[in-house]
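**Q** Below you'll find query-v1.txt; it's compact mmCIF, C-alpha atoms.
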# COMPACT_ATOMS: atom_id res chain seq x y z
CA MET A 1 -47.49 -28.80 31.39
CA LYS A 2 -51.20 -28.38 32.06
CA VAL A 3 -52.36 -25.26 33.83
CA GLY A 4 -55.95 -24.82 34.94
CA VAL A 5 -57.52 -21.36 34.94
CA VAL A 6 -60.54 -21.44 37.22
CA VAL A 7 -63.50 -19.34 36.10
CA PHE A 8 -66.05 -18.08 38.62
CA PRO A 9 -69.18 -16.07 37.86
CA GLY A 10 -67.74 -12.57 37.67
CA SER A 11 -64.14 -13.48 36.84
CA ASN A 12 -62.89 -10.97 34.28
CA CYS A 13 -59.15 -11.56 34.05
CA ASP A 14 -59.46 -15.22 33.09
CA ARG A 15 -59.01 -14.56 29.38
CA ASP A 16 -56.02 -12.27 29.91
CA MET A 17 -54.45 -14.98 32.04
CA TYR A 18 -55.22 -17.68 29.48
CA HIS A 19 -53.77 -15.51 26.70
CA VAL A 20 -50.54 -14.93 28.60
CA LEU A 21 -50.20 -18.58 29.58
CA THR A 22 -50.77 -19.91 26.07
CA ASP A 23 -49.64 -17.20 23.65
CA VAL A 24 -46.72 -15.76 25.60
CA PHE A 25 -45.38 -18.72 27.58
CA ASN A 26 -46.69 -21.75 25.63
CA PHE A 27 -48.39 -23.43 28.56
CA ASP A 28 -51.12 -25.96 27.86
CA ALA A 29 -53.86 -24.01 29.65
CA GLN A 30 -57.49 -24.80 30.07
CA TYR A 31 -60.46 -23.07 31.66
CA TYR A 32 -62.33 -24.82 34.45
CA TRP A 33 -65.77 -23.59 35.47
CA HIS A 34 -66.07 -23.32 39.25
CA GLU A 35 -68.82 -25.94 39.47
CA LYS A 36 -66.64 -28.57 37.78
CA THR A 37 -63.82 -30.71 39.12
CA LEU A 38 -60.13 -30.41 38.29
CA PRO A 39 -58.43 -33.32 36.52
CA LYS A 40 -55.89 -35.23 38.59
CA ASN A 41 -53.07 -34.74 36.09
CA ILE A 42 -53.06 -30.97 36.29
CA ASP A 43 -49.67 -29.37 37.01
CA ALA A 44 -50.68 -25.94 38.28
CA VAL A 45 -53.84 -23.98 39.02
CA ILE A 46 -54.45 -20.26 38.66
CA LEU A 47 -57.35 -18.34 40.18
CA PRO A 48 -57.61 -15.17 38.10
CA GLY A 49 -58.84 -11.71 39.00
CA GLY A 50 -62.31 -10.28 38.69
CA PHE A 51 -65.37 -9.74 40.81
CA SER A 52 -66.68 -13.19 41.64
CA TYR A 53 -70.30 -12.93 42.74
CA GLY A 54 -70.03 -9.17 42.43
CA ASP A 55 -67.93 -9.02 45.62
CA ARG A 56 -71.16 -9.55 47.55
CA LEU A 57 -70.77 -9.96 51.28
CA ARG A 58 -66.99 -9.64 50.94
CA ALA A 59 -64.62 -10.07 48.01
CA GLY A 60 -63.94 -13.76 47.40
CA VAL A 61 -65.98 -15.23 50.23
CA ILE A 62 -68.81 -16.71 48.18
CA ALA A 63 -66.51 -18.13 45.51
CA ALA A 64 -64.50 -19.73 48.32
CA HIS A 65 -67.46 -22.08 48.77
CA SER A 66 -67.55 -23.13 45.08
CA PRO A 67 -67.30 -26.88 44.48
CA ILE A 68 -63.96 -26.58 42.67
CA ILE A 69 -62.31 -25.14 45.78
CA LYS A 70 -62.32 -28.58 47.40
CA ASP A 71 -60.15 -29.80 44.50
CA VAL A 72 -57.93 -26.74 44.79
CA GLN A 73 -57.47 -27.53 48.50
CA LYS A 74 -56.57 -31.14 47.72
CA MET A 75 -54.03 -30.01 45.14
CA ALA A 76 -52.60 -27.48 47.56
CA GLU A 77 -52.03 -30.32 50.04
CA LYS A 78 -50.26 -32.33 47.34
CA GLY A 79 -47.85 -29.45 46.75
CA ILE A 80 -49.14 -28.47 43.32
CA PRO A 81 -48.37 -24.81 42.51
CA ILE A 82 -51.42 -22.58 42.93
CA LEU A 83 -51.49 -18.88 42.16
CA GLY A 84 -54.30 -16.47 43.05
CA VAL A 85 -54.24 -13.03 41.47
CA CYS A 86 -56.32 -10.17 42.87
CA ASN A 87 -59.80 -11.69 43.33
CA GLY A 88 -58.07 -15.07 43.11
CA PHE A 89 -55.93 -14.04 46.09
CA GLN A 90 -59.05 -12.95 47.95
CA ILE A 91 -60.63 -16.35 47.23
CA LEU A 92 -57.54 -18.21 48.50
CA VAL A 93 -57.65 -16.16 51.70
CA GLU A 94 -61.37 -16.70 52.21
CA SER A 95 -61.03 -20.43 51.56
CA GLY A 96 -58.41 -20.66 54.30
CA LEU A 97 -55.55 -21.61 51.97
CA LEU A 98 -53.74 -18.40 52.82
CA PRO A 99 -53.78 -16.41 56.06
CA GLY A 100 -55.09 -12.90 56.59
CA ALA A 101 -57.83 -10.74 55.18
CA LEU A 102 -58.23 -8.21 52.37
CA LEU A 103 -59.95 -5.01 53.41
CA LYS A 104 -61.12 -1.97 51.52
CA ASN A 105 -58.18 0.21 50.51
CA GLU A 106 -57.33 2.86 53.08
CA SER A 107 -58.40 5.54 50.58
CA LEU A 108 -61.71 3.71 50.01
CA ASN A 109 -60.99 4.15 46.30
CA PHE A 110 -60.77 1.56 43.60
CA MET A 111 -57.08 1.81 42.80
CA CYS A 112 -55.87 1.21 39.26
CA GLU A 113 -52.23 2.20 38.96
CA TRP A 114 -48.67 1.01 38.52
CA THR A 115 -46.81 -0.03 41.62
CA ASN A 116 -43.40 -1.46 42.37
CA LEU A 117 -43.06 -4.73 44.21
CA ILE A 118 -40.06 -6.00 46.10
CA VAL A 119 -39.52 -9.75 45.97
CA GLU A 120 -39.17 -11.03 49.55
CA ASN A 121 -39.25 -14.77 48.90
CA ASN A 122 -37.63 -16.21 45.78
CA LYS A 123 -38.17 -19.85 46.68
CA THR A 124 -41.79 -20.29 45.55
CA PRO A 125 -42.85 -21.91 42.24
CA PHE A 126 -43.76 -18.43 40.99
CA THR A 127 -40.69 -16.51 42.16
CA ASN A 128 -37.72 -18.87 41.82
CA GLN A 129 -36.23 -16.89 38.91
CA PHE A 130 -36.11 -13.59 40.81
CA LYS A 131 -33.17 -12.19 42.68
CA LEU A 132 -34.06 -11.54 46.30
CA HIS A 133 -35.36 -7.97 46.70
CA GLU A 134 -35.67 -7.54 42.94
CA LYS A 135 -38.00 -4.72 41.92
CA VAL A 136 -41.10 -5.56 39.85
CA PRO A 137 -43.12 -2.82 38.13
CA ILE A 138 -46.67 -4.11 37.98
CA PRO A 139 -50.22 -2.73 38.01
CA ILE A 140 -52.86 -3.12 40.69
CA ALA A 141 -56.60 -2.84 40.08
CA ASN A 142 -58.68 -3.40 43.18
CA GLY A 143 -61.02 -1.90 45.74
CA GLU A 144 -60.38 -4.43 48.49
CA GLY A 145 -56.64 -4.91 48.34
CA ARG A 146 -55.49 -3.83 51.78
CA TYR A 147 -53.91 -6.99 53.16
CA TYR A 148 -54.32 -7.30 56.89
CA VAL A 149 -52.88 -9.70 59.42
CA ASP A 150 -52.72 -9.30 63.17
CA GLY A 151 -49.38 -8.85 64.93
CA ASP A 152 -48.90 -12.49 65.89
CA THR A 153 -49.71 -13.73 62.40
CA LEU A 154 -47.34 -11.17 60.89
CA LYS A 155 -44.55 -12.51 63.09
CA GLN A 156 -45.33 -16.03 61.90
CA LEU A 157 -45.37 -14.93 58.26
CA LYS A 158 -41.93 -13.37 58.69
CA LYS A 159 -40.55 -16.34 60.58
CA LYS A 160 -41.77 -18.83 57.99
CA ASN A 161 -40.80 -16.70 55.01
CA GLN A 162 -44.38 -16.41 53.81
CA ILE A 163 -44.21 -12.80 52.65
CA VAL A 164 -43.59 -13.11 48.92
CA PHE A 165 -44.05 -9.54 47.66
CA ARG A 166 -44.12 -6.15 49.39
CA TYR A 167 -44.91 -2.78 47.84
CA SER A 168 -41.82 -0.56 47.65
CA GLN A 169 -43.86 2.21 49.27
CA VAL A 170 -47.20 2.61 51.01
CA VAL A 171 -49.94 1.98 48.45
CA ASN A 172 -53.17 1.08 50.19
CA GLY A 173 -52.46 0.65 53.90
CA SER A 174 -51.58 -3.06 53.78
CA SER A 175 -49.95 -4.54 56.89
CA ASN A 176 -46.18 -4.31 56.48
CA ARG A 177 -46.80 -3.15 52.84
CA ILE A 178 -47.59 -6.76 51.94
CA ALA A 179 -48.74 -7.36 48.35
CA GLY A 180 -48.46 -11.15 48.21
CA VAL A 181 -48.05 -14.11 50.55
CA CYS A 182 -47.68 -17.88 50.37
CA ASN A 183 -48.67 -20.81 52.55
CA GLU A 184 -46.12 -22.40 54.87
CA GLU A 185 -45.12 -24.92 52.22
CA GLY A 186 -44.69 -22.16 49.63
CA ASN A 187 -46.71 -23.80 46.83
CA VAL A 188 -49.81 -21.61 47.24
CA VAL A 189 -49.15 -17.96 46.38
CA GLY A 190 -51.57 -15.05 46.37
CA MET A 191 -50.87 -11.55 45.12
CA MET A 192 -53.01 -8.47 44.55
CA PRO A 193 -51.13 -7.02 41.50
CA HIS A 194 -51.76 -8.39 38.02
CA PRO A 195 -48.78 -10.12 36.38
CA GLU A 196 -50.91 -11.03 33.36
CA ARG A 197 -51.19 -7.32 32.59
CA ALA A 198 -47.46 -6.71 32.80
CA VAL A 199 -45.59 -9.36 30.83
CA GLU A 200 -45.92 -7.89 27.35
CA SER A 201 -43.87 -4.85 26.40
CA GLU A 202 -46.75 -3.47 24.31
CA ILE A 203 -48.78 -2.84 27.44
CA ASN A 204 -46.05 -2.36 30.02
CA PRO A 205 -44.59 1.15 29.88
CA VAL A 206 -41.84 0.36 32.39
CA ASP A 207 -40.30 -3.09 32.05
CA SER A 208 -42.10 -6.34 31.27
CA LYS A 209 -39.17 -8.59 32.09
CA PRO A 210 -39.58 -8.81 35.88
CA SER A 211 -43.26 -9.78 35.75
CA SER A 212 -42.44 -12.39 33.10
CA LEU A 213 -40.28 -14.13 35.70
CA ILE A 214 -43.44 -15.14 37.57
CA PHE A 215 -44.45 -17.36 34.66
CA GLU A 216 -40.88 -18.35 33.80
CA SER A 217 -40.46 -19.47 37.40
CA LEU A 218 -43.38 -21.84 36.93
CA LEU A 219 -41.82 -23.20 33.74
CA VAL A 220 -38.56 -23.83 35.60
CA LYS A 221 -40.40 -25.42 38.52
CA MET A 222 -42.03 -27.81 36.07
CA GLY A 223 -38.71 -28.59 34.42
CA VAL A 224 -39.83 -27.13 31.10
CA SER A 225 -36.94 -24.66 30.96
CA ASN A 226 -33.81 -23.90 32.95
CA MET B 1 -91.60 -23.37 66.32
CA ALA B 2 -91.66 -19.66 65.68
CA TYR B 3 -90.09 -17.14 63.36
CA PHE B 4 -87.35 -14.89 64.70
CA ASP B 5 -85.57 -11.90 63.21
CA VAL B 6 -81.87 -12.26 63.80
CA HIS B 7 -79.62 -9.28 63.21
CA VAL B 8 -75.99 -10.06 62.52
CA THR B 9 -73.72 -7.03 62.82
CA ILE B 10 -70.27 -7.45 61.30
CA GLU B 11 -67.68 -4.85 62.24
CA ASN B 12 -63.92 -4.50 62.35
CA LYS B 13 -62.26 -5.63 65.54
CA PRO B 14 -60.91 -2.84 67.75
CA GLY B 15 -57.62 -1.47 66.46
CA ILE B 16 -58.35 -2.12 62.79
CA SER B 17 -58.80 1.11 60.93
CA ASP B 18 -62.22 2.01 59.61
CA PRO B 19 -61.58 4.83 57.13
CA GLU B 20 -65.25 5.12 56.19
CA GLY B 21 -66.29 5.65 59.81
CA ASP B 22 -63.47 8.15 60.30
CA THR B 23 -64.57 10.10 57.21
CA ILE B 24 -68.20 10.21 58.35
CA LEU B 25 -67.05 11.46 61.76
CA ASN B 26 -64.43 13.98 60.69
CA ASP B 27 -65.82 15.28 57.42
CA LEU B 28 -69.53 15.21 58.11
CA VAL B 29 -70.59 15.01 61.74
CA LEU B 30 -67.83 17.07 63.34
CA LYS B 31 -68.02 19.70 60.58
CA GLY B 32 -71.58 20.35 61.67
CA THR B 33 -72.63 21.32 65.15
CA HIS B 34 -72.51 17.87 66.71
CA LYS B 35 -69.31 18.23 68.66
CA THR B 36 -70.20 15.65 71.32
CA VAL B 37 -69.67 12.70 68.96
CA SER B 38 -66.30 11.06 69.51
CA LYS B 39 -66.40 7.89 67.43
CA ILE B 40 -68.28 6.41 64.48
CA LYS B 41 -67.76 2.85 63.28
CA THR B 42 -69.28 1.47 60.13
CA ALA B 43 -70.60 -2.08 60.09
CA LYS B 44 -72.50 -4.41 57.83
CA MET B 45 -75.76 -5.89 59.05
CA LEU B 46 -77.43 -9.03 57.78
CA LYS B 47 -81.02 -9.62 58.83
CA PHE B 48 -81.95 -13.26 58.98
CA THR B 49 -85.47 -14.60 59.38
CA ILE B 50 -85.29 -18.07 60.87
CA LYS B 51 -87.79 -20.63 62.16
CA GLU B 52 -86.61 -22.26 65.38
CA LYS B 53 -88.10 -23.43 68.63
CA ASP B 54 -86.87 -20.51 70.74
CA LYS B 55 -84.70 -17.40 70.76
CA LYS B 56 -81.67 -19.17 72.16
CA THR B 57 -81.73 -21.82 69.43
CA ALA B 58 -82.20 -19.13 66.79
CA GLN B 59 -79.13 -17.31 68.10
CA SER B 60 -76.92 -20.40 68.25
CA LYS B 61 -78.04 -21.56 64.79
CA VAL B 62 -77.18 -18.21 63.22
CA GLN B 63 -73.84 -18.16 65.06
CA GLU B 64 -73.13 -21.61 63.65
CA ILE B 65 -73.98 -20.42 60.11
CA CYS B 66 -71.73 -17.38 60.50
CA ASP B 67 -68.80 -19.49 61.68
CA GLU B 68 -69.25 -22.34 59.21
CA LEU B 69 -69.70 -20.19 56.11
CA ARG B 70 -67.24 -17.47 57.12
CA ILE B 71 -69.93 -14.82 57.02
CA TYR B 72 -67.25 -12.78 58.78
CA ASN B 73 -63.48 -13.10 58.57
CA PRO B 74 -62.35 -13.79 62.14
CA MET B 75 -58.94 -12.25 61.45
CA VAL B 76 -60.45 -8.78 61.13
CA SER B 77 -64.10 -8.84 62.11
CA LYS B 78 -66.34 -9.61 65.02
CA VAL B 79 -70.06 -10.32 64.90
CA THR B 80 -72.82 -9.37 67.29
CA ILE B 81 -76.00 -11.40 67.05
CA ASP B 82 -79.32 -9.97 68.30
CA VAL B 83 -82.55 -11.94 68.17
CA PHE B 84 -86.03 -10.40 67.99
CA ASP B 85 -89.49 -11.88 67.83
CA ASP B 86 -90.77 -11.75 64.26
Could you take the file, read its structure, and then write that structure out as structure tokens?
**A**
Amino acid sequence: MKVGVVVFPGSNCDRDMYHVLTDVFNFDAQYYWHEKTLPKNIDAVILPGGFSYGDRLRAGVIAAHSPIIKDVQKMAEKGIPILGVCNGFQILVESGLLPGALLKNESLNFMCEWTNLIVENNKTPFTNQFKLHEKVPIPIANGEGRYYVDGDTLKQLKKKNQIVFRYSQVVNGSSNRIAGVCNEEGNVVGMMPHPERAVESEINPVDSKPSSLIFESLLVKMGVSN
Amino acid sequence: MAYFDVHVTIENKPGISDPEGDTILNDLVLKGTHKTVSKIKTAKMLKFTIKEKDKKTAQSKVQEICDELRIYNPMVSKVTIDVFDD
């Protein structure tokens, strides 16, 4: 079960993600520098959080033009599970793999705090072990995390079950309190909160079990566990 | 061929909140004596210098760059392109 963790200049959650994948969930994970290609036999790809290119111009937009993104797009088309967390989500949006935009938080502050998510779609490779509407305590850490879609796109997202996570209450002004979405096929998921910071009880003061289900869902999807 | 300065202004589309502009308006300008101001919008400006045969070509080339490289996110932003002689 090979999982690629893509590293961009300015990624800073890549090592946390790698640690969780390997030490907590026993995935065979490997880093891939953004100028390289992805091997064909990879089973899943994760774009971690951080500040690629220092968020210049707009968070994620420059990294979205990195060479490796072409491979990520090909894998997305093949149905391979792809997860973008925080800056990774911004990169997936800016590369056109996910709809919408991520704007500065309504407060204009960098927000670093615990939130509660509600699972709205439990059919994706990263959410198949959740009960629908299950609550997930999880931290956010972002300055540009306000997800925005226009009214027509929001209707489409609802119709096609592309809203994966919503905040349980207003956090940053996101459209429809959206915290994570997927593509129409469901294999590409982006989320602003950080599951890699929430799956170990030592650093999760609330409950690490729900966030763990994100990674356990991937294991189940890959047939590694039931 | 000549050099042109091309100003690309990127701003939120109408209807999308601009909390920074609102703060500048409400907590700075309107707290002073400038009561005639009714709206402030923030924007980002990129200033290109480009060598093209004429102003029109300079404008269309920069528009092409903005669209191709997603200099702005069309879901939320609009761009205004102004061309000046260098």
**Q** Tell me which protein, DNA and RNA residues are within 9 Å of A:Ala64, counting only C-alpha atoms, leaving out same-chain ones fewer than 3 positions away, and put them as a PyMOL selection string.
**A** chain A and resi 60-61+67-69+90-96
**Q** By how many Å are atom CA of B:Tyr3 and atom CA of B:Ala43 apart?
**A** 24.8 Å
**Q** Find the distance between atom CA of A:Pro39 and atom CA of A:Lys123 and write it in Å to one decimal.
**A** 26.4 Å
**Q** What are the nearest atom pairs, with distances in Å to one decimal, for all residues of chain A that come at most 7 Å from chain B, using all atoms listed in the file, set out by chain and rising residue number as a Markdown table?
**A**
| residue | atom | partner | partner_atom | distance |
| --- | --- | --- | --- | --- |
| A:Gly100 | CA | B:Met75 | CA | 6.2 |
| A:Ala101 | CA | B:Met75 | CA | 6.5 |
| A:Glu106 | CA | B:Pro19 | CA | 6.2 |
| A:Val149 | CA | B:Met75 | CA | 6.9 |
**Q** Which residues, written as a list in words, have at least one atom at most 10 Å from B:Lys55, with all atoms listed in the file counted and residues fewer than 6 positions away on the same chain left out?
**A**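 Everything that qualifies: Ala2, Tyr3, Phe4, Asp5, Val6, Lys61, Asp82, Val83, Phe84 and Asp85 of chain B.
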**Q** Rounded to one decimal in Å, what is the spacing between atom CA of A:Leu47 and atom CA of A:Ile62?
**A**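 Separation between atom CA of A:Leu47 and atom CA of A:Ile62: 14.1 Å.
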**Q** Please list, as a ChimeraX atom specification, the residues that have an atom at most 12 Å away from (-66.4, 11.2, 60.8) in the coordinates of this file, counting all atoms listed in the file.
**A** /B:18-32,34-35,37-42
**Q** With only C-alpha atoms as the basis for distance, which of A:Cys13, A:Val181, A:Ala44, A:Val164 is at the shortest distance from A:Met1?
**A** A:Ala44
**Q** Go through stretch 134-156 of chain A and flag each residue having an atom no more than 8 Å from stretch 203-225 of chain A; for those, report the closest pair of atoms plus their distance in Å to one decimal, using all atoms listed in the file, ordered by chain and rising number, as a tab-separated table.
**A**
residue	atom	partner	partner_atom	distance
A:Lys135	CA	A:Pro210	CA	7.5
A:Val136	CA	A:Pro210	CA	5.4
A:Pro137	CA	A:Val206	CA	6.7
A:Ile138	CA	A:Ser211	CA	7.0
**Q** Create the file for the chosen residues now, containing C-alpha atoms and written as an mmCIF file, in the frame of the given file.
**A**
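Dumped to result.cif:
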data_model
loop_
_atom_site.group_PDB
_atom_site.id
_atom_site.type_symbol
_atom_site.label_atom_id
_atom_site.label_comp_id
_atom_site.auth_asym_id
_atom_site.auth_seq_id
_atom_site.Cartn_x
_atom_site.Cartn_y
_atom_site.Cartn_z
ATOM 1 C CA LYS A 135 -38.000 -4.720 41.920
ATOM 2 C CA VAL A 136 -41.100 -5.560 39.850
ATOM 3 C CA PRO A 137 -43.120 -2.820 38.130
ATOM 4 C CA ILE A 138 -46.670 -4.110 37.980
#
**Q** Of the candidates A:His65, A:Lys78, A:Arg197, A:Lys104, which one gets nearest to A:Tyr147 if we count only C-alpha atoms?
**A**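 Checking each of A:His65, A:Lys78, A:Arg197, A:Lys104 against A:Tyr147, counting only C-alpha atoms, the winner is A:Lys104.
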**Q** So which one's closest to B:Thr80, B:Asp54, B:Pro14, B:Thr49, B:Gln59? Using all atoms listed in the file, please.
**A**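 The answer is B:Gln59, which sits nearest to B:Thr80.
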**Q** Choose the residue, out of A:Val119, A:Leu57, A:Leu157, A:Val7, that has the smallest atom-to-atom separation from A:Glu185; count only C-alpha atoms.
**A**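 Ranked by minimum distance to A:Glu185, first place goes to A:Leu157.
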**Q** Restricting the calculation to all atoms listed in the file: of A:Lys74, A:Val3, A:Ile163, A:Leu117, which residue gets closest to A:Ala29?
**A**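 With all atoms listed in the file as the atom set, the closest residue is A:Val3.
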**Q** Set the distance at 8 Å and use only C-alpha atoms: which residues neighbour A:Ile82 once local chain neighbours fewer than 6 positions away are removed? I'd like the list as a tab-separated table (two decimals) with C-alpha atoms, in the coordinates of the input.
**A**
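out_3.tsv, written as the output of this step:
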chain	number	residue	atom	x	y	z
A	44	ALA	CA	-50.68	-25.94	38.28
A	45	VAL	CA	-53.84	-23.98	39.02
A	46	ILE	CA	-54.45	-20.26	38.66
A	47	LEU	CA	-57.35	-18.34	40.18
A	72	VAL	CA	-57.93	-26.74	44.79
A	76	ALA	CA	-52.60	-27.48	47.56
A	187	ASN	CA	-46.71	-23.80	46.83
A	188	VAL	CA	-49.81	-21.61	47.24
A	189	VAL	CA	-49.15	-17.96	46.38
**Q** Scan for residues within 9 Å of the point (-58.0, -15.3, 37.2) in the coordinates of the file, using all atoms listed in the file, and reply as a ChimeraX atom specification.
**A** /A:5-8,11-18,46-50,83-88
**Q** Keeping C-alpha atoms, export the residues of the selection given above as an mmCIF file, in the coordinates of the input.
**A**
data_model
loop_
_atom_site.group_PDB
_atom_site.id
_atom_site.type_symbol
_atom_site.label_atom_id
_atom_site.label_comp_id
_atom_site.auth_asym_id
_atom_site.auth_seq_id
_atom_site.Cartn_x
_atom_site.Cartn_y
_atom_site.Cartn_z
ATOM 1 C CA VAL A 5 -57.520 -21.360 34.940
ATOM 2 C CA VAL A 6 -60.540 -21.440 37.220
ATOM 3 C CA VAL A 7 -63.500 -19.340 36.100
ATOM 4 C CA PHE A 8 -66.050 -18.080 38.620
ATOM 5 C CA SER A 11 -64.140 -13.480 36.840
ATOM 6 C CA ASN A 12 -62.890 -10.970 34.280
ATOM 7 C CA CYS A 13 -59.150 -11.560 34.050
ATOM 8 C CA ASP A 14 -59.460 -15.220 33.090
ATOM 9 C CA ARG A 15 -59.010 -14.560 29.380
ATOM 10 C CA ASP A 16 -56.020 -12.270 29.910
ATOM 11 C CA MET A 17 -54.450 -14.980 32.040
ATOM 12 C CA TYR A 18 -55.220 -17.680 29.480
ATOM 13 C CA ILE A 46 -54.450 -20.260 38.660
ATOM 14 C CA LEU A 47 -57.350 -18.340 40.180
ATOM 15 C CA PRO A 48 -57.610 -15.170 38.100
ATOM 16 C CA GLY A 49 -58.840 -11.710 39.000
ATOM 17 C CA GLY A 50 -62.310 -10.280 38.690
ATOM 18 C CA LEU A 83 -51.490 -18.880 42.160
ATOM 19 C CA GLY A 84 -54.300 -16.470 43.050
ATOM 20 C CA VAL A 85 -54.240 -13.030 41.470
ATOM 21 C CA CYS A 86 -56.320 -10.170 42.870
ATOM 22 C CA ASN A 87 -59.800 -11.690 43.330
ATOM 23 C CA GLY A 88 -58.070 -15.070 43.110
#
**Q** Could you check which of A:Val171, A:Ile42, A:Leu98, A:Ala141 is closest to A:Phe27, using only C-alpha atoms?
**A**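 Under the stated criterion, the closest residue is A:Ile42.
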**Q** Assuming 6 Å of padding per side, give the centre and edge lengths of the axis-aligned box around every listed atom of stretch 29-34 of chain B, in Å to one decimal and as AutoDock Vina command-line options.
**A**
--center_x -70.2 --center_y 18.2 --center_z 63.6 --size_x 16.8 --size_y 18.3 --size_z 18.1
